Amino acid sequence: MSSTGAKENSGIFQPPTALDKRLDSGFVWLTRLFALGIAVLLLWIAFQVAKDALPAIQAFGLGFIFQSAWNPVTNQFGVLPQIYGTLVTAFIALLIAVPVGVGTAVILSENFLPLKVRTILVFLVELLAAIPSVVYGIWGIFVVIPLLRSTLGAWLYSWFGWFPLFSTPLAGPGILPASLVLAIMVLPIITAISRDALTSLPPDLRQASLGLGATRWETILQVLIPAAISGIVGGVMLALGRAMGETMAITMLIGNANTINTSLLAPGNTIASLLASQFAEASGLQVSALMYAALVLFILTLIVNIFADLIVQRVKRI
Amino acid sequence: MTRSYPEKDSSFDSSGLVRANFSSRTLFNNMMTGVAFLLAAMAVIPLFAVLIYVTVQGITSISPSVFVELPPPPMVEGGGFGNAILGTVMMVGIGALISVPFGVMASIYLTEFSTGKVSRWVRFATNILSGVPSIIAGVFAYAAVVLTFTTLGWGSYSPIAGGIALSVLMLPIIVRTTDEALQLVPKDVRQAAVGLGATKFQTVWGVVLPAAVPAIVTGTTLAVARAAGETAPLLFTALFSQFWPQLWPPDAFLQPTASLAVLVYNFAIVPFKNQQQLAWAASLILVLLVLITSIITRYVTSRKA
């Protein structure tokens, strides 16, 4: 500590010296600098990516978002297929993860199971979020894709092949396996936040509903979930942000084909996996185009995350 | 006190209170319970599927030599990923070295010194930062560090760039856990310290921070475990290498460096059996790392609560 030297000479009861006071305000300033540093870092990321994307922004303008060519040889770049892939994989993932996640949250917030069992379940769902993305990727390559090819993928193609969504056979990597694994990865966020929203409801709501003669599920579906809906929506938004930015598992499972294909069983690409698969070998205008793509992804996730955070914060304050 | 009640209250017909086991409402109720349990099972099954498969595949290919040897070329038996383990340790270390002081200082300001408005904005920024995709952290480190190093002539891809990318992802975790830990330190402790004449610095450094240390360590451990499994930020900042990382000048920390996570990615997408087996072994190590740290932190926090 800064003042021990001074204190040894003159006993304990010594007002802080001028140096002590200087150090003290210096310390406060230093912490303030670091705190503001977080906001500065966020702005710096945006600025840095935007600055390096500038050549591509000047070359392609907003047309970049609506072009579907990605050709490093002729320097033609557009990210429409990647934006399409990002949105479609995120949408399918949420389609699966929302019912499963909210259902799990109901099990974890109601007293179907003893508290001890529920605590273990909560921990298991947390673990699901902790497994590295790349491990989901390798598991997807060796387990999910072969499994889907012989079961669901083959079934969808043979029975619904006339339908544009399933018009190609699942040859290997594709949008469907990527979305399925993505659903597993975003599920813990939805479960955790929905469970928080459900458990923080006032107990009166449940008691009043049960007291009026409603069954447990009438209470859950008509009272509890509507009351907690803003928290649940916030969790789903956070999951959407995570799903759009998820990289490794998708890169390994989606096939990285820079075309728009209506079939979910065909390969596709997302912005994040475009970056992951091309950045290391890129040069010249391609780097700039990739930066532009990163900027698009950054803005998309930023918008979703800001909305999600505002919703979740509002719920917390109530 | 003895008071007798009539055996049966004739004025009240209790038959209406019996739960009809086959009414549509009861049936719907039971069906929904079944559906909810099915959904919860669907949530937990993938976890066990991943854990079991990774364990079975990984354990058969782990041997002492994988920890000390270099990655083998295709179709050559043996070899390991000692360089990737060292690389991961280096980069996570750099990430922690940057993000822990940064995050702890920032959260000290948030809980101890700030006004409501500033802290609300900074916490908001922290939340947004934690939602930034990991690949964007990689793009940022590429633009800010790799390109700068290239123009300075210091090489290009380096563990420094990788560590900086990881620190961006670790920072919000550390801020959040430290922030929560500091808020849990009772007000009385601070008032007692100030009452004894301690300066702000002495109060924070000598009294508040030590009380929060266990929680800060927990948060750092979690952040380290997460960062060790991150792949996307390292792909084009540290790249990969078949060789040992450079630890001595002139090239110390300035060469492309291997990491466990990137090794899993690189070796999972090649058709060579020996490299795939190493990818599984590395996956098992990464999974065990998060598994063990999660269980320990869970145990520590639950014991305290």
# chains A, B, ... in the order shown; residues from 1 in each chain; ligands from 1
>>> select_by_dssp(residues="stretch 73-237 of chain A", states="alpha helix (DSSP H)", output="number ranges by chain")
A: 80-109, 115-130, 133-139, 145-150, 152-160, 175-199, 203-211, 216-219, 225-227, 229-237
>>> residues_around(residues="A:Glu126", least_positions_apart="5", cutoff="9 Å", atoms="only C-alpha atoms", output="compact mmCIF listing (two decimals) with all heavy atoms, in the first residue's frame")
# COMPACT_ATOMS: atom_id res chain seq x y z
N LEU A 121 -30.07 -30.75 -13.93
CA LEU A 121 -30.48 -30.48 -15.31
C LEU A 121 -30.02 -29.09 -15.76
O LEU A 121 -29.54 -28.92 -16.88
CB LEU A 121 -32.00 -30.57 -15.42
CG LEU A 121 -32.57 -31.97 -15.68
CD1 LEU A 121 -34.09 -31.91 -15.71
CD2 LEU A 121 -32.05 -32.51 -17.00
N PRO A 188 -29.20 -23.57 -25.10
CA PRO A 188 -28.97 -23.19 -23.70
C PRO A 188 -29.31 -21.73 -23.40
O PRO A 188 -29.78 -21.43 -22.31
CB PRO A 188 -27.47 -23.43 -23.51
CG PRO A 188 -27.08 -24.36 -24.59
CD PRO A 188 -27.99 -24.12 -25.72
N ILE A 189 -29.10 -20.83 -24.38
CA ILE A 189 -29.41 -19.41 -24.14
C ILE A 189 -30.90 -19.25 -23.94
O ILE A 189 -31.35 -18.59 -22.98
CB ILE A 189 -28.97 -18.56 -25.34
CG1 ILE A 189 -27.50 -18.82 -25.66
CG2 ILE A 189 -29.22 -17.09 -25.08
CD1 ILE A 189 -27.08 -18.20 -26.97
N ALA A 192 -31.95 -20.83 -20.57
CA ALA A 192 -31.51 -20.10 -19.38
C ALA A 192 -32.34 -18.84 -19.17
O ALA A 192 -32.82 -18.58 -18.06
CB ALA A 192 -30.03 -19.75 -19.51
N SER B 294 -15.95 -26.27 -15.43
CA SER B 294 -17.36 -25.98 -15.11
C SER B 294 -17.76 -26.65 -13.81
O SER B 294 -18.43 -26.04 -12.96
CB SER B 294 -18.27 -26.47 -16.22
OG SER B 294 -17.96 -25.85 -17.42
>>> atom_distance(atom1="atom CA of A:Ile220", atom2="atom CA of B:Thr26")
14.0 Å
>>> closest_atom_pairs(of="chain B", to="chain A", cutoff="6 Å", atoms="only C-alpha atoms", output="JSON lines")
{"residue": "B:Asn29", "atom": "CA", "partner": "A:Trp217", "partner_atom": "CA", "distance": 5.4}
{"residue": "B:Ala36", "atom": "CA", "partner": "A:Gly103", "partner_atom": "CA", "distance": 5.1}
{"residue": "B:Leu39", "atom": "CA", "partner": "A:Val100", "partner_atom": "CA", "distance": 4.9}
{"residue": "B:Ala40", "atom": "CA", "partner": "A:Thr104", "partner_atom": "CA", "distance": 4.4}
{"residue": "B:Leu47", "atom": "CA", "partner": "A:Leu128", "partner_atom": "CA", "distance": 5.8}
{"residue": "B:Phe102", "atom": "CA", "partner": "A:Phe34", "partner_atom": "CA", "distance": 6.0}
{"residue": "B:Met105", "atom": "CA", "partner": "A:Thr31", "partner_atom": "CA", "distance": 5.0}
{"residue": "B:Ala106", "atom": "CA", "partner": "A:Ala35", "partner_atom": "CA", "distance": 3.9}
{"residue": "B:Tyr109", "atom": "CA", "partner": "A:Thr31", "partner_atom": "CA", "distance": 5.1}
{"residue": "B:Ala125", "atom": "CA", "partner": "A:Ala39", "partner_atom": "CA", "distance": 5.5}
{"residue": "B:Pro133", "atom": "CA", "partner": "A:Gly245", "partner_atom": "CA", "distance": 4.6}
{"residue": "B:Phe140", "atom": "CA", "partner": "A:Ile45", "partner_atom": "CA", "distance": 5.8}
{"residue": "B:Phe201", "atom": "CA", "partner": "A:Asp24", "partner_atom": "CA", "distance": 5.4}
{"residue": "B:Gly229", "atom": "CA", "partner": "A:Pro132", "partner_atom": "CA", "distance": 5.0}
{"residue": "B:Phe236", "atom": "CA", "partner": "A:Ala280", "partner_atom": "CA", "distance": 5.1}
{"residue": "B:Ala268", "atom": "CA", "partner": "A:Ile138", "partner_atom": "CA", "distance": 5.9}
{"residue": "B:Ser283", "atom": "CA", "partner": "A:Val135", "partner_atom": "CA", "distance": 5.8}
>>> atom_distance(atom1="atom CA of A:Gln82", atom2="atom CA of A:Ser167")
20.0 Å
>>> residues_around(residues="B:Pro186", least_positions_apart="6", cutoff="12 Å", atoms="only C-alpha atoms", output="number ranges by chain")
B: 111, 192-193, 207-209, 211-212
>>> decode(residues="stretch 38-60 of chain B", atoms="N, CA and C atoms", output="mmCIF file, in the first residue's frame")
data_model
loop_
_atom_site.group_PDB
_atom_site.id
_atom_site.type_symbol
_atom_site.label_atom_id
_atom_site.label_comp_id
_atom_site.auth_asym_id
_atom_site.auth_seq_id
_atom_site.Cartn_x
_atom_site.Cartn_y
_atom_site.Cartn_z
ATOM 1 N N LEU B 38 -40.512 -34.735 -22.917
ATOM 2 C CA LEU B 38 -39.876 -35.150 -24.175
ATOM 3 C C LEU B 38 -38.937 -34.050 -24.673
ATOM 4 N N LEU B 39 -39.406 -32.786 -24.622
ATOM 5 C CA LEU B 39 -38.582 -31.665 -25.080
ATOM 6 C C LEU B 39 -37.330 -31.528 -24.225
ATOM 7 N N ALA B 40 -37.489 -31.675 -22.889
ATOM 8 C CA ALA B 40 -36.332 -31.570 -22.007
ATOM 9 C C ALA B 40 -35.333 -32.682 -22.311
ATOM 10 N N ALA B 41 -35.849 -33.879 -22.604
ATOM 11 C CA ALA B 41 -34.955 -34.982 -22.951
ATOM 12 C C ALA B 41 -34.215 -34.660 -24.242
ATOM 13 N N MET B 42 -34.931 -34.038 -25.212
ATOM 14 C CA MET B 42 -34.282 -33.662 -26.465
ATOM 15 C C MET B 42 -33.165 -32.657 -26.234
ATOM 16 N N ALA B 43 -33.303 -31.848 -25.181
ATOM 17 C CA ALA B 43 -32.271 -30.852 -24.904
ATOM 18 C C ALA B 43 -31.029 -31.497 -24.313
ATOM 19 N N VAL B 44 -31.230 -32.564 -23.533
ATOM 20 C CA VAL B 44 -30.099 -33.137 -22.799
ATOM 21 C C VAL B 44 -29.402 -34.232 -23.604
ATOM 22 N N ILE B 45 -30.178 -34.935 -24.471
ATOM 23 C CA ILE B 45 -29.590 -36.051 -25.220
ATOM 24 C C ILE B 45 -28.352 -35.639 -26.047
ATOM 25 N N PRO B 46 -28.403 -34.502 -26.793
ATOM 26 C CA PRO B 46 -27.209 -34.141 -27.573
ATOM 27 C C PRO B 46 -25.960 -34.008 -26.708
ATOM 28 N N LEU B 47 -26.128 -33.485 -25.486
ATOM 29 C CA LEU B 47 -24.973 -33.321 -24.611
ATOM 30 C C LEU B 47 -24.283 -34.662 -24.388
ATOM 31 N N PHE B 48 -25.102 -35.665 -24.014
ATOM 32 C CA PHE B 48 -24.504 -36.977 -23.744
ATOM 33 C C PHE B 48 -23.979 -37.599 -25.033
ATOM 34 N N ALA B 49 -24.714 -37.376 -26.146
ATOM 35 C CA ALA B 49 -24.242 -37.919 -27.419
ATOM 36 C C ALA B 49 -22.851 -37.383 -27.748
ATOM 37 N N VAL B 50 -22.684 -36.053 -27.577
ATOM 38 C CA VAL B 50 -21.380 -35.451 -27.880
ATOM 39 C C VAL B 50 -20.327 -35.967 -26.910
ATOM 40 N N LEU B 51 -20.647 -35.914 -25.616
ATOM 41 C CA LEU B 51 -19.647 -36.302 -24.607
ATOM 42 C C LEU B 51 -19.193 -37.740 -24.814
ATOM 43 N N ILE B 52 -20.168 -38.648 -24.996
ATOM 44 C CA ILE B 52 -19.806 -40.060 -25.118
ATOM 45 C C ILE B 52 -18.993 -40.300 -26.386
ATOM 46 N N TYR B 53 -19.459 -39.722 -27.500
ATOM 47 C CA TYR B 53 -18.753 -39.972 -28.762
ATOM 48 C C TYR B 53 -17.329 -39.423 -28.716
ATOM 49 N N VAL B 54 -17.195 -38.204 -28.191
ATOM 50 C CA VAL B 54 -15.852 -37.608 -28.125
ATOM 51 C C VAL B 54 -14.953 -38.432 -27.202
ATOM 52 N N THR B 55 -15.503 -38.890 -26.087
ATOM 53 C CA THR B 55 -14.697 -39.678 -25.155
ATOM 54 C C THR B 55 -14.235 -40.983 -25.812
ATOM 55 N N VAL B 56 -15.187 -41.695 -26.432
ATOM 56 C CA VAL B 56 -14.837 -42.986 -27.040
ATOM 57 C C VAL B 56 -13.781 -42.795 -28.128
ATOM 58 N N GLN B 57 -14.015 -41.811 -29.007
ATOM 59 C CA GLN B 57 -13.066 -41.591 -30.100
ATOM 60 C C GLN B 57 -11.728 -41.062 -29.585
ATOM 61 N N GLY B 58 -11.791 -40.193 -28.588
ATOM 62 C CA GLY B 58 -10.572 -39.527 -28.128
ATOM 63 C C GLY B 58 -9.674 -40.433 -27.315
ATOM 64 N N ILE B 59 -10.299 -41.244 -26.449
ATOM 65 C CA ILE B 59 -9.495 -42.037 -25.512
ATOM 66 C C ILE B 59 -8.623 -43.049 -26.246
ATOM 67 N N THR B 60 -9.147 -43.598 -27.357
ATOM 68 C CA THR B 60 -8.348 -44.583 -28.076
ATOM 69 C C THR B 60 -7.132 -43.949 -28.741
#
